[in-house]
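Peer 1: Below is one structure. I have some questions about it.
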Amino acid sequence: MIVTSGGIGGNHDLVRAQWPARLGTPPAKLLSGVPAHVDGLMLGIAEKAGAHHVNRDRMWHYTEGIENWNPIWARHGIRILPGPSSLWLDATGKRLPVPLFPGFDTLGTLEHIMRTGHDHTWFVLDKRIIGKEFALSGSEQNPDLTGKSVRDVLGRARADVPAPVRAFMDHGVDFVVENDLSALVRGMNALTDEPLIDEAALRREITARDREIANPFTKDLQVTAIRGARKYLGDKLIRTAAPHRILDPKAGPLIAVRLNILTRKSLGGLETDLDSRVLTEGGEPLDGLYAAGEAAGFGGGGVHGYRSLEGTFLGGCLFSGRAAGRAAARAVG
Ligand SMILES: Cc1cc2nc3c(=O)[nH]c(=O)nc-3n(C[C@H](O)[C@H](O)[C@H](O)COP(=O)(O)OP(=O)(O)OC[C@H]3O[C@@H](n4cnc5c(N)ncnc54)[C@H](O)[C@@H]3O)c2cc1C
């Protein structure tokens, strides 16, 4: 038997129970970035059969989760794949520290957020940035990029807001879209239990950032990163908005997006050997039991360690699946 039942991200009780101490208290609010069937129940069943479940505290959750306005499963969240220009603020409106810029360091940002005492953060941006820089995780969310139409891809270069992103602006509960900052702050504060954003402080924060756009020798490392990204033609054309002032009315309207923690990957799992045979706590193979993919921590029980390279998970699924298939076929002759 080969266990390939996936991770635990759809089971928030399990995620909270295995939440690592290094990330503080588990978030009170979590969105599910995986379908409900990713419930981890098979891991418990395998354990009862004698399997060793290791590295449970290694997990990968995203920090840019938004509630799907058109959900397919319970608490369905979508991850924003952001370009580098949005201003990233904690729940009280303070900019996140360097180098926690959009798209830079998922687990580092998660660790920081869990120390703020709040589960959510904010992107503050404008229409020009959202048009060019927001992609939504999941191929069905990016028809302009996945539909094999050059014209649609070039829509990004024109900073048209892609239809799925536009739908979130219109219907998403986490989105505030307004023409002036006062109204934006009122909208942001209406989305949280307490009004944590102070308009004058936020205006100072954005103005300080905007001032650096005109400074070629800026020490604002996010502005430097935006300029660096645009040195690569692909990013310049369809991924990174030209540096501009967020408070420039011509770039508007202003947009604030409340970001939630979104479950995604389990980096630990059933311990296996190189043939994907499941091991007991004593290191002996369990007769006839194999595990592959996320259920096996992408191979071995946690081949990625505590961190990983973004987007490299499917490789471990394929590799451990192939090893399991070959070994199981050999075992049955
Ligand atoms: C939106 C999204 C985007 C992603 N993007 C990337 C990416 O760009 N790059 C990357 O490397 N990874 C990405 N991932 C992660 C990657 O897709 C998963 O890690 C991978 O699919 C896990 O594969 P798996 O076969 O181990 O498990 P799954 O794909 O979760 O499949 C498990 C299967 O087991 C079934 N199952 C569960 N329990 C039982 C049971 N008791 N009995 C019978 N069947 C059961 C489920 O129905 C499911 O079909 C993404 C994930 C999501 C959700």
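Every chain in the structure tokens has a letter given in the order shown (A, B, ...), and although residue numbers restart at 1 in each chain, ligands are simply numbered from 1 in the order shown.
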Could you list the protein, DNA and RNA residues that have any atom within 10 Å of ligand 1, counting only C-alpha atoms and all ligand atoms, and write them as an NGL selection string?

Peer 2: :A and (3-10 or 32-43 or 45 or 77-79 or 136-141 or 263-267 or 291-299 or 309-318 or 320-321)

Peer 1: As JSON, numbers by chain, please: all residues of range 104-227 of chain A that backbone DSSP puts in helix (DSSP H, G or I).

Peer 2: {"A": [106, 107, 108, 109, 110, 111, 112, 113, 114, 115, 116, 127, 128, 129, 130, 131, 132, 133, 139, 140, 141, 143, 144, 145, 146, 150, 151, 152, 153, 154, 155, 156, 157, 163, 164, 165, 166, 167, 168, 169, 170, 171, 181, 182, 183, 184, 185, 186, 187, 188, 189, 190, 199, 200, 201, 202, 203, 204, 205, 206, 207, 208, 209, 210, 211, 212, 221, 222, 223, 224, 225, 226, 227]}

Peer 1: Just the residues within 8 Å of range 325-329 of chain A, please, counting only C-alpha atoms, with nothing from its chain fewer than 6 positions along; format it as JSON, numbers by chain.

Peer 2: {"A": [275, 276, 288, 290]}

Peer 1: Report as a VMD selection string all protein, DNA and RNA residues lying within 9 Å of Ala251 in chain A, evaluated on only C-alpha atoms, omitting residues in the same chain fewer than 4 positions from it.

Peer 2: chain A and resid 126 to 129 244 to 247

Peer 1: Can you write out the residues you just picked, keeping all heavy atoms, as a short mmCIF file (atom, residue, chain, number, x, y, z; two decimals), in the first residue's frame?

Peer 2:
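Once written, again.cif looks like this:
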data_model
loop_
_atom_site.label_atom_id
_atom_site.label_comp_id
_atom_site.auth_asym_id
_atom_site.auth_seq_id
_atom_site.Cartn_x
_atom_site.Cartn_y
_atom_site.Cartn_z
N ASP A 126 -1.93 50.90 -5.23
CA ASP A 126 -2.85 51.65 -6.09
C ASP A 126 -3.17 50.82 -7.33
O ASP A 126 -2.62 49.72 -7.51
CB ASP A 126 -2.26 53.02 -6.46
CG ASP A 126 -0.90 52.89 -7.12
OD1 ASP A 126 -0.71 51.97 -7.93
OD2 ASP A 126 -0.01 53.70 -6.81
N LYS A 127 -4.04 51.37 -8.16
CA LYS A 127 -4.50 50.60 -9.33
C LYS A 127 -3.34 50.26 -10.27
O LYS A 127 -3.29 49.18 -10.84
CB LYS A 127 -5.58 51.40 -10.06
CG LYS A 127 -6.13 50.70 -11.27
CD LYS A 127 -7.40 51.37 -11.76
CE LYS A 127 -7.86 50.77 -13.07
NZ LYS A 127 -7.24 51.41 -14.23
N ARG A 128 -2.39 51.20 -10.37
CA ARG A 128 -1.29 50.94 -11.29
C ARG A 128 -0.48 49.71 -10.83
O ARG A 128 -0.04 48.90 -11.63
CB ARG A 128 -0.38 52.18 -11.32
CG ARG A 128 0.23 52.41 -12.67
CD ARG A 128 1.11 53.64 -12.66
NE ARG A 128 0.43 54.87 -12.97
CZ ARG A 128 0.97 56.07 -12.90
NH1 ARG A 128 2.22 56.22 -12.47
NH2 ARG A 128 0.29 57.15 -13.21
N ILE A 129 -0.32 49.59 -9.53
CA ILE A 129 0.46 48.44 -9.01
C ILE A 129 -0.35 47.15 -9.12
O ILE A 129 0.16 46.12 -9.56
CB ILE A 129 0.88 48.69 -7.53
CG1 ILE A 129 1.84 49.88 -7.45
CG2 ILE A 129 1.53 47.44 -6.95
CD1 ILE A 129 2.20 50.31 -6.04
N HIS A 244 6.57 54.90 -8.79
CA HIS A 244 5.77 56.13 -8.80
C HIS A 244 5.25 56.35 -7.39
O HIS A 244 5.31 55.45 -6.55
CB HIS A 244 4.59 55.99 -9.79
CG HIS A 244 3.65 54.88 -9.40
ND1 HIS A 244 3.87 53.57 -9.72
CD2 HIS A 244 2.49 54.90 -8.67
CE1 HIS A 244 2.90 52.82 -9.23
NE2 HIS A 244 2.06 53.59 -8.58
N ARG A 245 4.72 57.54 -7.17
CA ARG A 245 4.19 57.84 -5.83
C ARG A 245 2.83 57.16 -5.65
O ARG A 245 1.95 57.29 -6.51
CB ARG A 245 4.05 59.36 -5.65
CG ARG A 245 5.39 60.08 -5.54
CD ARG A 245 5.23 61.56 -5.25
NE ARG A 245 4.42 62.25 -6.23
CZ ARG A 245 3.20 62.76 -6.00
NH1 ARG A 245 2.65 62.65 -4.80
NH2 ARG A 245 2.54 63.37 -6.95
N ILE A 246 2.67 56.45 -4.53
CA ILE A 246 1.39 55.77 -4.28
C ILE A 246 0.27 56.82 -4.10
O ILE A 246 -0.88 56.58 -4.47
CB ILE A 246 1.51 54.83 -3.05
CG1 ILE A 246 2.37 53.61 -3.43
CG2 ILE A 246 0.15 54.39 -2.54
CD1 ILE A 246 2.62 52.62 -2.30
N LEU A 247 0.64 57.99 -3.58
CA LEU A 247 -0.40 59.01 -3.36
C LEU A 247 -0.62 59.90 -4.59
O LEU A 247 -1.37 60.87 -4.53
CB LEU A 247 -0.05 59.87 -2.13
CG LEU A 247 -0.14 59.13 -0.78
CD1 LEU A 247 0.24 60.05 0.37
CD2 LEU A 247 -1.54 58.55 -0.55
#

Peer 1: Rounded to one decimal, what separation in Å do you get between CA of Ile197 in chain A and CA of Asp170 in chain A?

Peer 2: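 Distance between the two atoms: 22.5 Å.
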
Peer 1: When DSSP is applied to the backbone of this structure, which of range 223-280 of chain A are assigned strand (DSSP E)? Write them out as a list of chain:residue names.

Peer 2: A:Leu254, A:Ile255, A:Ala256, A:Val257, A:Arg258, A:Leu259, A:Asn260, A:Ile261, A:Leu262, A:Thr263, A:Arg264, A:Lys265, A:Ser266, A:Gly269, A:Leu270, A:Arg277, A:Val278, A:Leu279

Peer 1: If we count only C-alpha atoms and set the cut-off at 8 Å, which residues sit around Asp273 in chain A, ignoring sequence neighbours fewer than 5 positions away in its own chain? Please answer as a tab-separated table (two decimals) with N, CA and C atoms, in the first residue's frame.

Peer 2:
chain	number	residue	atom	x	y	z
A	278	VAL	N	7.93	3.02	4.37
A	278	VAL	CA	7.65	3.72	5.63
A	278	VAL	C	8.41	3.03	6.77
A	279	LEU	N	9.02	3.85	7.63
A	279	LEU	CA	9.82	3.31	8.73
A	279	LEU	C	9.07	3.43	10.06
A	285	PRO	N	11.76	-0.91	8.29
A	285	PRO	CA	10.67	-0.75	7.31
A	285	PRO	C	9.42	-1.50	7.76
A	300	GLY	N	11.11	11.11	2.43
A	300	GLY	CA	11.93	10.85	3.61
A	300	GLY	C	11.30	11.24	4.93

Peer 1: What does the distance between CA of Leu125 in chain A and CA of Ile72 in chain A come to in Å, to one decimal place?

Peer 2: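 Answer for the CA of Leu125 in chain A to CA of Ile72 in chain A separation: 27.7 Å.
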
Peer 1: Can you pull out the residues contacting Arg203 in chain A? Cut-off 9 Å, using only C-alpha atoms, and skip same-chain residues under 4 positions away; I want them as a PDB file with C-alpha atoms, in the first residue's frame.

Peer 2:
ATOM      1  CA  LEU A 181      -6.622  58.155   1.997  1.00  0.00           C
ATOM      2  CA  ASP A 198      -4.217  55.972  12.399  1.00  0.00           C
ATOM      3  CA  GLU A 199      -4.693  58.113   9.301  1.00  0.00           C
ATOM      4  CA  THR A 207       4.655  60.046   2.107  1.00  0.00           C
ATOM      5  CA  ALA A 208       8.083  59.032   3.431  1.00  0.00           C
ATOM      6  CA  LEU A 247      -0.395  59.015  -3.358  1.00  0.00           C
TER       7      LEU A 247
END

Peer 1: Which residue, A:Thr224, A:Asn70, A:Thr280, A:Asn189, has the smallest gap to Ala167 in chain A when you use only C-alpha atoms?

Peer 2: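 Residue with the minimum atom-to-atom distance to Ala167 in chain A: A:Asn70.
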
Peer 1: Give me the residues within 7 Å of range 88-96 of chain A as an MDAnalysis selection string, counting only C-alpha atoms and dropping any in the same chain fewer than 4 places off.

Peer 2: chainID A and resid 100:102 118 120:124 196:197 202

Peer 1: Save out the residues we just selected, C-alpha atoms, as a tab-separated table (two decimals), in the first residue's frame.

Peer 2:
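Once everything was written out, this is part.tsv:
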chain	number	residue	atom	x	y	z
A	100	LEU	CA	10.20	41.56	4.47
A	101	PHE	CA	8.97	43.00	1.18
A	102	PRO	CA	6.20	41.41	-0.87
A	118	HIS	CA	-2.15	40.22	15.34
A	120	HIS	CA	-3.43	40.02	9.74
A	121	THR	CA	-1.34	42.55	7.84
A	122	TRP	CA	-2.10	45.01	5.01
A	123	PHE	CA	-0.93	45.74	1.52
A	124	VAL	CA	-1.46	49.38	0.57
A	196	LEU	CA	-5.97	50.08	14.60
A	197	ILE	CA	-4.94	52.32	11.69
A	202	LEU	CA	-0.25	56.06	7.66
